[in-house]
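Below: model.pdb (PDB, C-alpha atoms)
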MODEL        1
ATOM      1  CA  MET M1425      36.321-102.672-191.930
ATOM      2  CA  LYS M1426      38.333-104.498-194.595
ATOM      3  CA  LEU M1427      39.707-107.001-192.064
ATOM      4  CA  VAL M1428      36.184-107.665-190.811
ATOM      5  CA  ASN M1429      35.151-108.373-194.401
ATOM      6  CA  PHE M1430      37.937-110.935-194.681
ATOM      7  CA  ALA M1431      36.843-112.487-191.369
ATOM      8  CA  SER M1432      33.516-113.387-192.959
ATOM      9  CA  MET M1433      35.393-115.682-195.389
ATOM     10  CA  ASP M1434      37.771-117.236-192.855
ATOM     11  CA  PRO M1435      36.895-120.892-192.029
ATOM     12  CA  ALA M1436      38.817-120.654-188.740
ATOM     13  CA  HIS M1437      36.626-117.787-187.562
ATOM     14  CA  ARG M1438      33.468-119.436-188.840
ATOM     15  CA  SER M1439      34.236-122.603-186.851
ATOM     16  CA  ARG M1440      34.372-120.439-183.719
ATOM     17  CA  GLY M1441      31.024-118.809-184.521
ATOM     18  CA  ILE M1442      32.588-115.526-185.674
ATOM     19  CA  LYS M1443      30.909-114.447-188.911
ATOM     20  CA  GLY M1444      32.381-111.010-189.622
ATOM     21  CA  LEU M1445      30.466-108.860-192.087
ATOM     22  CA  ALA M1446      28.394-110.747-194.599
ATOM     23  CA  GLY M1447      28.433-107.878-197.096
ATOM     24  CA  HIS M1448      31.979-108.297-198.349
ATOM     25  CA  SER M1449      32.617-107.227-201.920
ATOM     26  CA  ARG M1450      33.595-109.361-204.876
ATOM     27  CA  SER M1451      37.036-107.762-204.810
ATOM     28  CA  ASP M1452      37.430-108.827-201.149
ATOM     29  CA  GLU M1453      36.623-112.381-202.161
ATOM     30  CA  GLN M1454      39.064-112.232-205.069
ATOM     31  CA  VAL M1455      41.884-111.051-202.784
ATOM     32  CA  TRP M1456      41.097-113.786-200.254
ATOM     33  CA  ASN M1457      41.003-116.527-202.899
ATOM     34  CA  GLU M1458      44.131-115.290-204.624
ATOM     35  CA  PHE M1459      46.176-115.474-201.436
ATOM     36  CA  HIS M1460      44.853-118.907-200.481
ATOM     37  CA  ASP M1461      45.308-120.303-203.986
ATOM     38  CA  ASN M1462      48.820-118.928-204.426
ATOM     39  CA  TRP M1463      50.595-118.252-201.130
ATOM     40  CA  ASP M1464      53.954-118.217-202.902
ATOM     41  CA  LYS M1465      53.492-115.489-205.523
ATOM     42  CA  MET M1466      51.177-113.279-203.504
ATOM     43  CA  THR M1467      53.365-113.407-200.404
ATOM     44  CA  VAL M1468      56.492-112.313-202.244
ATOM     45  CA  LEU M1469      54.581-109.537-203.999
ATOM     46  CA  SER M1470      52.859-108.237-200.861
ATOM     47  CA  GLU M1471      56.032-108.394-198.759
ATOM     48  CA  ALA M1472      57.938-106.392-201.363
ATOM     49  CA  LYS M1473      55.222-103.725-201.432
ATOM     50  CA  LEU M1474      55.160-103.598-197.647
ATOM     51  CA  GLN M1475      58.918-103.069-197.560
ATOM     52  CA  ASN M1476      58.529-100.196-200.043
ATOM     53  CA  LEU M1477      55.843 -98.571-197.901
ATOM     54  CA  GLU M1478      57.859 -98.951-194.706
ATOM     55  CA  ALA M1479      60.843 -97.371-196.446
ATOM     56  CA  GLY M1480      58.668 -94.463-197.613
ATOM     57  CA  HIS M1481      58.939 -95.367-201.297
ATOM     58  CA  ALA M1482      56.178 -95.365-203.840
ATOM     59  CA  PRO M1483      55.297 -98.832-205.180
ATOM     60  CA  ALA M1484      57.787 -99.735-207.857
ATOM     61  CA  VAL M1485      55.448-102.020-209.798
ATOM     62  CA  PRO M1486      51.729-101.966-210.544
ATOM     63  CA  ALA M1487      49.466-104.313-208.575
ATOM     64  CA  SER M1488      48.877-106.423-211.676
ATOM     65  CA  GLU M1489      52.555-107.390-211.935
ATOM     66  CA  ALA M1490      53.321-110.951-210.893
ATOM     67  CA  GLU M1491      56.802-110.171-209.553
ATOM     68  CA  PRO M1492      58.015-107.657-206.938
ATOM     69  CA  GLU M1493      60.431-104.788-207.453
ATOM     70  CA  TYR M1494      63.581-106.783-206.788
ATOM     71  CA  ALA M1495      62.732-109.262-209.550
ATOM     72  CA  ALA M1496      63.496-106.698-212.255
ATOM     73  CA  ARG M1497      65.024-108.146-215.389
ATOM     74  CA  ASP M1498      68.426-106.552-214.794
ATOM     75  CA  VAL M1499      68.861-108.402-211.482
ATOM     76  CA  PRO M1500      70.823-111.676-211.743
ATOM     77  CA  THR M1501      68.595-114.747-211.587
ATOM     78  CA  GLU M1502      70.559-116.295-208.699
ATOM     79  CA  ALA M1503      70.337-113.113-206.622
ATOM     80  CA  THR M1504      66.625-112.789-207.358
ATOM     81  CA  ALA M1505      66.031-116.378-206.263
ATOM     82  CA  THR M1506      67.985-115.827-203.046
ATOM     83  CA  VAL M1507      65.993-112.720-202.116
ATOM     84  CA  ARG M1508      62.763-114.482-202.994
ATOM     85  CA  VAL M1509      63.552-117.446-200.733
ATOM     86  CA  ARG M1510      64.543-115.163-197.852
ATOM     87  CA  THR M1511      61.327-113.181-198.261
ATOM     88  CA  MET M1512      59.270-116.373-198.241
ATOM     89  CA  GLN M1513      61.057-117.722-195.157
ATOM     90  CA  SER M1514      60.686-114.417-193.320
ATOM     91  CA  PHE M1515      56.962-114.297-194.087
ATOM     92  CA  PHE M1516      56.437-117.894-193.001
ATOM     93  CA  ARG M1517      58.223-117.275-189.712
ATOM     94  CA  LYS M1518      56.191-114.137-188.963
ATOM     95  CA  VAL M1519      52.865-115.822-189.651
ATOM     96  CA  VAL M1520      53.639-119.016-187.734
ATOM     97  CA  LEU M1521      55.050-117.237-184.681
ATOM     98  CA  ALA M1522      52.077-114.863-184.653
ATOM     99  CA  ALA M1523      49.648-117.800-184.782
ATOM    100  CA  TYR M1524      51.331-119.418-181.772
ATOM    101  CA  ASN M1525      51.756-116.126-179.881
ATOM    102  CA  SER M1526      55.530-116.582-180.115
ATOM    103  CA  ARG M1527      55.567-119.621-177.863
ATOM    104  CA  CYS M1528      56.840-123.128-178.506
ATOM    105  CA  CYS M1529      53.824-125.378-178.996
ATOM    106  CA  ILE M1530      55.440-128.063-176.795
ATOM    107  CA  THR M1531      57.457-126.292-174.106
ATOM    108  CA  GLY M1532      55.769-122.875-174.032
ATOM    109  CA  ASN M1533      59.187-121.213-174.459
ATOM    110  CA  PRO M1534      58.514-117.484-175.216
ATOM    111  CA  VAL M1535      62.055-116.430-176.251
ATOM    112  CA  GLU M1536      61.787-115.589-179.961
ATOM    113  CA  ASP M1537      65.521-115.996-180.542
ATOM    114  CA  LEU M1538      65.110-119.640-179.505
ATOM    115  CA  LEU M1539      62.022-120.319-181.633
ATOM    116  CA  VAL M1540      61.824-121.789-185.125
ATOM    117  CA  ALA M1541      58.938-121.816-187.594
ATOM    118  CA  SER M1542      59.240-125.467-188.475
ATOM    119  CA  HIS M1543      57.805-126.949-191.671
ATOM    120  CA  ILE M1544      55.793-130.146-191.222
ATOM    121  CA  LEU M1545      56.044-131.138-194.882
ATOM    122  CA  PRO M1546      59.657-130.573-195.988
ATOM    123  CA  TRP M1547      60.404-127.333-197.846
ATOM    124  CA  SER M1548      62.262-129.100-200.666
ATOM    125  CA  ASP M1549      59.680-131.834-201.263
ATOM    126  CA  PHE M1550      56.464-129.805-201.104
ATOM    127  CA  PRO M1551      56.990-126.416-202.783
ATOM    128  CA  GLN M1552      53.226-125.810-202.986
ATOM    129  CA  GLN M1553      53.024-125.916-199.173
ATOM    130  CA  ARG M1554      56.064-123.792-198.352
ATOM    131  CA  LEU M1555      54.072-120.758-197.266
ATOM    132  CA  ASN M1556      50.951-122.484-196.003
ATOM    133  CA  PRO M1557      50.826-121.516-192.303
ATOM    134  CA  ARG M1558      49.011-124.783-191.562
ATOM    135  CA  ASN M1559      52.226-126.486-192.600
ATOM    136  CA  GLY M1560      54.022-124.807-189.701
ATOM    137  CA  LEU M1561      54.739-125.405-186.031
ATOM    138  CA  CYS M1562      56.360-122.975-183.634
ATOM    139  CA  LEU M1563      59.051-125.027-181.903
ATOM    140  CA  ALA M1564      61.972-124.387-179.579
ATOM    141  CA  ALA M1565      65.206-124.932-181.495
ATOM    142  CA  HIS M1566      66.022-128.380-180.064
ATOM    143  CA  PHE M1567      62.492-129.628-180.718
ATOM    144  CA  ASP M1568      62.648-128.228-184.243
ATOM    145  CA  ARG M1569      65.823-130.226-184.808
ATOM    146  CA  ALA M1570      64.261-133.363-183.332
ATOM    147  CA  PHE M1571      61.109-132.897-185.426
ATOM    148  CA  ASP M1572      63.128-132.283-188.596
ATOM    149  CA  ARG M1573      65.186-135.435-187.965
ATOM    150  CA  ARG M1574      61.946-137.347-187.284
ATOM    151  CA  LEU M1575      62.942-138.153-183.707
ATOM    152  CA  VAL M1576      59.573-136.833-182.502
ATOM    153  CA  ALA M1577      56.152-136.598-184.106
ATOM    154  CA  PHE M1578      52.497-136.076-183.160
ATOM    155  CA  ASP M1579      49.737-138.693-183.132
ATOM    156  CA  CYS M1580      46.213-138.249-184.516
ATOM    157  CA  GLU M1581      45.226-136.390-181.336
ATOM    158  CA  MET M1582      48.285-134.118-181.643
ATOM    159  CA  ARG M1583      50.086-135.716-178.695
ATOM    160  CA  LEU M1584      53.872-135.927-178.647
ATOM    161  CA  VAL M1585      55.304-139.254-179.827
ATOM    162  CA  LEU M1586      58.951-140.277-179.460
ATOM    163  CA  SER M1587      60.868-142.239-182.053
ATOM    164  CA  PRO M1588      62.425-145.607-181.127
ATOM    165  CA  VAL M1589      65.687-144.082-182.363
ATOM    166  CA  LEU M1590      65.538-141.444-179.625
ATOM    167  CA  ARG M1591      64.847-144.119-177.022
ATOM    168  CA  ARG M1592      68.156-145.777-177.831
ATOM    169  CA  TYR M1593      69.847-143.034-175.846
ATOM    170  CA  LEU M1594      68.003-143.946-172.656
ATOM    171  CA  PRO M1595      68.667-143.915-169.814
ATOM    172  CA  ASN M1596      69.901-140.355-170.043
ATOM    173  CA  PRO M1597      68.858-137.449-167.782
ATOM    174  CA  ALA M1598      68.816-134.862-170.586
ATOM    175  CA  ILE M1599      66.645-136.998-172.893
ATOM    176  CA  GLU M1600      64.356-137.869-170.017
ATOM    177  CA  SER M1601      63.898-134.280-168.843
ATOM    178  CA  GLU M1602      63.469-132.708-172.287
ATOM    179  CA  PHE M1603      61.589-135.422-174.156
ATOM    180  CA  VAL M1604      60.397-138.426-172.148
ATOM    181  CA  HIS M1605      58.515-136.473-169.495
ATOM    182  CA  ARG M1606      56.647-134.603-172.263
ATOM    183  CA  GLU M1607      55.619-137.746-174.132
ATOM    184  CA  GLY M1608      51.854-137.815-174.640
ATOM    185  CA  GLN M1609      51.561-134.069-174.120
ATOM    186  CA  ARG M1610      49.202-132.355-176.564
ATOM    187  CA  LEU M1611      50.697-129.562-178.608
ATOM    188  CA  ILE M1612      49.438-126.084-177.870
ATOM    189  CA  CYS M1613      47.157-125.614-180.873
ATOM    190  CA  PRO M1614      46.452-122.084-182.153
ATOM    191  CA  ASP M1615      43.004-120.789-183.095
ATOM    192  CA  ARG M1616      44.379-119.418-186.358
ATOM    193  CA  PHE M1617      46.204-121.756-188.735
ATOM    194  CA  PRO M1618      46.196-124.965-186.665
ATOM    195  CA  PRO M1619      48.474-127.643-188.100
ATOM    196  CA  GLU M1620      46.944-129.723-190.867
ATOM    197  CA  ALA M1621      46.221-133.257-189.601
ATOM    198  CA  GLU M1622      47.172-134.844-192.931
ATOM    199  CA  PHE M1623      50.573-133.136-192.834
ATOM    200  CA  LEU M1624      51.233-134.391-189.294
ATOM    201  CA  ALA M1625      50.200-137.911-190.364
ATOM    202  CA  TYR M1626      52.648-137.810-193.285
ATOM    203  CA  HIS M1627      55.460-136.737-190.962
ATOM    204  CA  ARG M1628      54.509-139.391-188.381
ATOM    205  CA  ASP M1629      54.484-142.163-190.996
ATOM    206  CA  ARG M1630      57.973-141.154-192.123
ATOM    207  CA  MET M1631      59.204-141.297-188.512
ATOM    208  CA  LEU M1632      57.823-144.814-188.060
ATOM    209  CA  GLN M1633      59.661-145.958-191.177
ATOM    210  CA  ILE M1634      63.032-145.239-189.536
ATOM    211  CA  GLU M1635      64.600-148.247-187.858
TER     212      GLU M1635
ENDMDL
END
Using structure tokens, write down the structure from this file.
Amino acid sequence: MKLVNFASMDPAHRSRGIKGLAGHSRSDEQVWNEFHDNWDKMTVLSEAKLQNLEAGHAPAVPASEAEPEYAARDVPTEATATVRVRTMQSFFRKVVLAAYNSRCCITGNPVEDLLVASHILPWSDFPQQRLNPRNGLCLAAHFDRAFDRRLVAFDCEMRLVLSPVLRRYLPNPAIESEFVHREGQRLICPDRFPPEAEFLAYHRDRMLQIE
């Protein structure tokens, strides 16, 4: 019932004509807005509580606390930061892979060990978008590397574009089979958390700036 309440506030479901239950409570709306307004803090907090529940422990902090259990004051700041980053990265990977049904959005590769939840806007440059699932693509490892190095991008219709830098290696059978024959192919776009067009445009513009 609670998930159906949340569905009534989800723009992705609304665009598909799925309305959910219109009678959601004010607390449902507050939870929804809090997550969407602060992916970072709420993700770390919820993941920590989930880990406690899975381990059979009672919650170590009240729901009103801004920081999870492992951010206690007696934990070294560096260690706390490391755990926080790992928790954020783990959450981002789970959400992005789930959105894409654990398949590369270019190749369709279904082997999770070979898949990467790739950030469209760089992690270091856009901290406010680190956990936004619309800032993610599920890519096979070699495409993740190519995307990160701005050797490939996507146009305004989400079709694969190759960088002139990558073309310098042609003719080459490996480049041709893995990249050239997929040029112009539309990415497999998920119903939930499709990539943000503005983020893809930013990445594409950066690729075109490389000589």
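We find atom CA of Leu1561 of chain M and atom CA of Ile1530 of chain M to be spaced 9.6 Å apart.
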Hits of the PyMOL selection byres ((chain M and resi 1611) around 8) in this structure, as a compact mmCIF listing (two decimals) with C-alpha atoms, in the coordinates of the input:
# COMPACT_ATOMS: atom_id res chain seq x y z
CA CYS M 1529 53.82 -125.38 -179.00
CA ILE M 1530 55.44 -128.06 -176.80
CA MET M 1582 48.28 -134.12 -181.64
CA ARG M 1583 50.09 -135.72 -178.70
CA LEU M 1584 53.87 -135.93 -178.65
CA GLN M 1609 51.56 -134.07 -174.12
CA ARG M 1610 49.20 -132.35 -176.56
CA ILE M 1612 49.44 -126.08 -177.87
CA CYS M 1613 47.16 -125.61 -180.87
So how many Å separate atom CA of Glu1536 of chain M and atom CA of Ala1570 of chain M, to one decimal? 18.3 Å
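Computed from the coordinates, the atom CA of Glu1620 of chain M to atom CA of Asp1537 of chain M distance equals 25.3 Å.
Within 9 Å of Leu1624 of chain M, once all atoms listed in the file are used and residues closer than 6 positions along the same chain are dropped, the contacting residues are M:Ile1544, M:Leu1545, M:Asn1559, M:Ala1577, M:Phe1578, M:Asp1579, M:Cys1580, M:Met1582.
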For Gln1513 of chain M: contacts at 9 Å, all atoms listed in the file, fewer than 6 positions along chain excluded, given as a list in words: Ala1541, Arg1554 and Leu1555 of chain M
Listed atoms of segment 1562-1580 of chain M, axis-aligned box, 4 Å per side: centre and edge lengths to one decimal in Å, as lines of an AutoDock Vina configuration file?
center_x = 56.1
center_y = -130.8
center_z = -184.1
size_x = 27.8
size_y = 23.7
size_z = 17.0
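Residues selected in this file by the PyMOL selection byres ((chain M and resi 1632) around 10) comprise Arg1574, Leu1575, Val1576, Ala1577, Leu1586, Ser1587, Pro1588, Val1589, His1627, Arg1628, Asp1629, Arg1630, Met1631, Gln1633, Ile1634 and Glu1635 of chain M.
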Taking (60.6, -119.0, -179.9) as a centre in this file's frame and 7 Å as the limit, can you find every polymer residue with an atom that close, using all atoms listed in the file, and give them as JSON, numbers by chain? {"M": [1526, 1527, 1528, 1533, 1534, 1535, 1536, 1537, 1538, 1539, 1540, 1562, 1563, 1564]}
Segment 1553-1586 of chain M written out with N, CA and C atoms as a PDB file, in the first residue's frame:
ATOM      1  N   GLN M1553      24.671  15.792  -7.641  1.00  0.00           N
ATOM      2  CA  GLN M1553      24.068  14.812  -8.546  1.00  0.00           C
ATOM      3  C   GLN M1553      24.655  13.413  -8.388  1.00  0.00           C
ATOM      4  N   ARG M1554      25.447  13.202  -7.371  1.00  0.00           N
ATOM      5  CA  ARG M1554      26.135  11.922  -7.204  1.00  0.00           C
ATOM      6  C   ARG M1554      25.185  10.745  -7.067  1.00  0.00           C
ATOM      7  N   LEU M1555      24.070  10.937  -6.408  1.00  0.00           N
ATOM      8  CA  LEU M1555      23.154   9.832  -6.159  1.00  0.00           C
ATOM      9  C   LEU M1555      21.869   9.943  -6.971  1.00  0.00           C
ATOM     10  N   ASN M1556      21.802  10.900  -7.855  1.00  0.00           N
ATOM     11  CA  ASN M1556      20.629  11.036  -8.708  1.00  0.00           C
ATOM     12  C   ASN M1556      20.658   9.919  -9.746  1.00  0.00           C
ATOM     13  N   PRO M1557      19.713   8.976  -9.715  1.00  0.00           N
ATOM     14  CA  PRO M1557      19.749   7.867 -10.664  1.00  0.00           C
ATOM     15  C   PRO M1557      19.612   8.304 -12.117  1.00  0.00           C
ATOM     16  N   ARG M1558      19.095   9.508 -12.350  1.00  0.00           N
ATOM     17  CA  ARG M1558      19.012  10.020 -13.720  1.00  0.00           C
ATOM     18  C   ARG M1558      20.366  10.544 -14.199  1.00  0.00           C
ATOM     19  N   ASN M1559      21.329  10.514 -13.322  1.00  0.00           N
ATOM     20  CA  ASN M1559      22.705  10.837 -13.694  1.00  0.00           C
ATOM     21  C   ASN M1559      23.505   9.557 -13.942  1.00  0.00           C
ATOM     22  N   GLY M1560      22.815   8.452 -14.146  1.00  0.00           N
ATOM     23  CA  GLY M1560      23.497   7.170 -14.310  1.00  0.00           C
ATOM     24  C   GLY M1560      23.152   6.453 -15.589  1.00  0.00           C
ATOM     25  N   LEU M1561      24.113   5.683 -16.085  1.00  0.00           N
ATOM     26  CA  LEU M1561      23.917   4.768 -17.207  1.00  0.00           C
ATOM     27  C   LEU M1561      24.489   3.422 -16.813  1.00  0.00           C
ATOM     28  N   CYS M1562      23.822   2.363 -17.195  1.00  0.00           N
ATOM     29  CA  CYS M1562      24.362   1.023 -16.973  1.00  0.00           C
ATOM     30  C   CYS M1562      25.149   0.641 -18.223  1.00  0.00           C
ATOM     31  N   LEU M1563      26.468   0.532 -18.072  1.00  0.00           N
ATOM     32  CA  LEU M1563      27.339   0.296 -19.220  1.00  0.00           C
ATOM     33  C   LEU M1563      28.257  -0.893 -18.979  1.00  0.00           C
ATOM     34  N   ALA M1564      28.535  -1.648 -20.043  1.00  0.00           N
ATOM     35  CA  ALA M1564      29.592  -2.653 -19.984  1.00  0.00           C
ATOM     36  C   ALA M1564      30.907  -1.931 -19.703  1.00  0.00           C
ATOM     37  N   ALA M1565      31.829  -2.623 -19.056  1.00  0.00           N
ATOM     38  CA  ALA M1565      33.036  -1.972 -18.534  1.00  0.00           C
ATOM     39  C   ALA M1565      33.798  -1.183 -19.596  1.00  0.00           C
ATOM     40  N   HIS M1566      33.957  -1.725 -20.809  1.00  0.00           N
ATOM     41  CA  HIS M1566      34.742  -1.007 -21.813  1.00  0.00           C
ATOM     42  C   HIS M1566      33.998   0.226 -22.334  1.00  0.00           C
ATOM     43  N   PHE M1567      32.663   0.171 -22.346  1.00  0.00           N
ATOM     44  CA  PHE M1567      31.912   1.356 -22.738  1.00  0.00           C
ATOM     45  C   PHE M1567      31.916   2.393 -21.616  1.00  0.00           C
ATOM     46  N   ASP M1568      31.907   1.938 -20.380  1.00  0.00           N
ATOM     47  CA  ASP M1568      32.034   2.868 -19.259  1.00  0.00           C
ATOM     48  C   ASP M1568      33.341   3.631 -19.354  1.00  0.00           C
ATOM     49  N   ARG M1569      34.408   2.921 -19.652  1.00  0.00           N
ATOM     50  CA  ARG M1569      35.729   3.558 -19.777  1.00  0.00           C
ATOM     51  C   ARG M1569      35.734   4.562 -20.936  1.00  0.00           C
ATOM     52  N   ALA M1570      35.150   4.150 -22.062  1.00  0.00           N
ATOM     53  CA  ALA M1570      35.098   5.034 -23.224  1.00  0.00           C
ATOM     54  C   ALA M1570      34.236   6.263 -22.935  1.00  0.00           C
ATOM     55  N   PHE M1571      33.131   6.070 -22.234  1.00  0.00           N
ATOM     56  CA  PHE M1571      32.243   7.181 -21.889  1.00  0.00           C
ATOM     57  C   PHE M1571      32.945   8.121 -20.915  1.00  0.00           C
ATOM     58  N   ASP M1572      33.624   7.563 -19.922  1.00  0.00           N
ATOM     59  CA  ASP M1572      34.325   8.370 -18.929  1.00  0.00           C
ATOM     60  C   ASP M1572      35.446   9.188 -19.561  1.00  0.00           C
ATOM     61  N   ARG M1573      36.100   8.620 -20.571  1.00  0.00           N
ATOM     62  CA  ARG M1573      37.198   9.316 -21.257  1.00  0.00           C
ATOM     63  C   ARG M1573      36.686  10.176 -22.408  1.00  0.00           C
ATOM     64  N   ARG M1574      35.356  10.272 -22.518  1.00  0.00           N
ATOM     65  CA  ARG M1574      34.692  11.084 -23.541  1.00  0.00           C
ATOM     66  C   ARG M1574      35.092  10.657 -24.955  1.00  0.00           C
ATOM     67  N   LEU M1575      35.223   9.349 -25.148  1.00  0.00           N
ATOM     68  CA  LEU M1575      35.453   8.793 -26.476  1.00  0.00           C
ATOM     69  C   LEU M1575      34.139   8.447 -27.162  1.00  0.00           C
ATOM     70  N   VAL M1576      33.074   8.340 -26.370  1.00  0.00           N
ATOM     71  CA  VAL M1576      31.718   8.153 -26.907  1.00  0.00           C
ATOM     72  C   VAL M1576      30.779   9.058 -26.134  1.00  0.00           C
ATOM     73  N   ALA M1577      29.656   9.368 -26.758  1.00  0.00           N
ATOM     74  CA  ALA M1577      28.626  10.191 -26.118  1.00  0.00           C
ATOM     75  C   ALA M1577      27.291   9.814 -26.749  1.00  0.00           C
ATOM     76  N   PHE M1578      26.236  10.566 -26.393  1.00  0.00           N
ATOM     77  CA  PHE M1578      24.913  10.334 -26.962  1.00  0.00           C
ATOM     78  C   PHE M1578      24.355  11.655 -27.458  1.00  0.00           C
ATOM     79  N   ASP M1579      23.729  11.640 -28.650  1.00  0.00           N
ATOM     80  CA  ASP M1579      23.166  12.861 -29.204  1.00  0.00           C
ATOM     81  C   ASP M1579      21.823  13.175 -28.550  1.00  0.00           C
ATOM     82  N   CYS M1580      21.131  14.198 -29.066  1.00  0.00           N
ATOM     83  CA  CYS M1580      19.883  14.642 -28.440  1.00  0.00           C
ATOM     84  C   CYS M1580      18.770  13.613 -28.558  1.00  0.00           C
ATOM     85  N   GLU M1581      18.938  12.621 -29.438  1.00  0.00           N
ATOM     86  CA  GLU M1581      17.969  11.532 -29.539  1.00  0.00           C
ATOM     87  C   GLU M1581      18.501  10.253 -28.890  1.00  0.00           C
ATOM     88  N   MET M1582      19.538  10.420 -28.063  1.00  0.00           N
ATOM     89  CA  MET M1582      20.143   9.329 -27.296  1.00  0.00           C
ATOM     90  C   MET M1582      20.727   8.239 -28.197  1.00  0.00           C
ATOM     91  N   ARG M1583      21.307   8.660 -29.327  1.00  0.00           N
ATOM     92  CA  ARG M1583      21.992   7.736 -30.218  1.00  0.00           C
ATOM     93  C   ARG M1583      23.490   7.841 -29.988  1.00  0.00           C
ATOM     94  N   LEU M1584      24.175   6.716 -30.114  1.00  0.00           N
ATOM     95  CA  LEU M1584      25.607   6.656 -29.839  1.00  0.00           C
ATOM     96  C   LEU M1584      26.397   7.496 -30.843  1.00  0.00           C
ATOM     97  N   VAL M1585      27.294   8.321 -30.301  1.00  0.00           N
ATOM     98  CA  VAL M1585      28.170   9.176 -31.103  1.00  0.00           C
ATOM     99  C   VAL M1585      29.614   8.839 -30.753  1.00  0.00           C
ATOM    100  N   LEU M1586      30.469   8.745 -31.759  1.00  0.00           N
ATOM    101  CA  LEU M1586      31.879   8.439 -31.533  1.00  0.00           C
ATOM    102  C   LEU M1586      32.716   9.709 -31.624  1.00  0.00           C
TER     103      LEU M1586
END
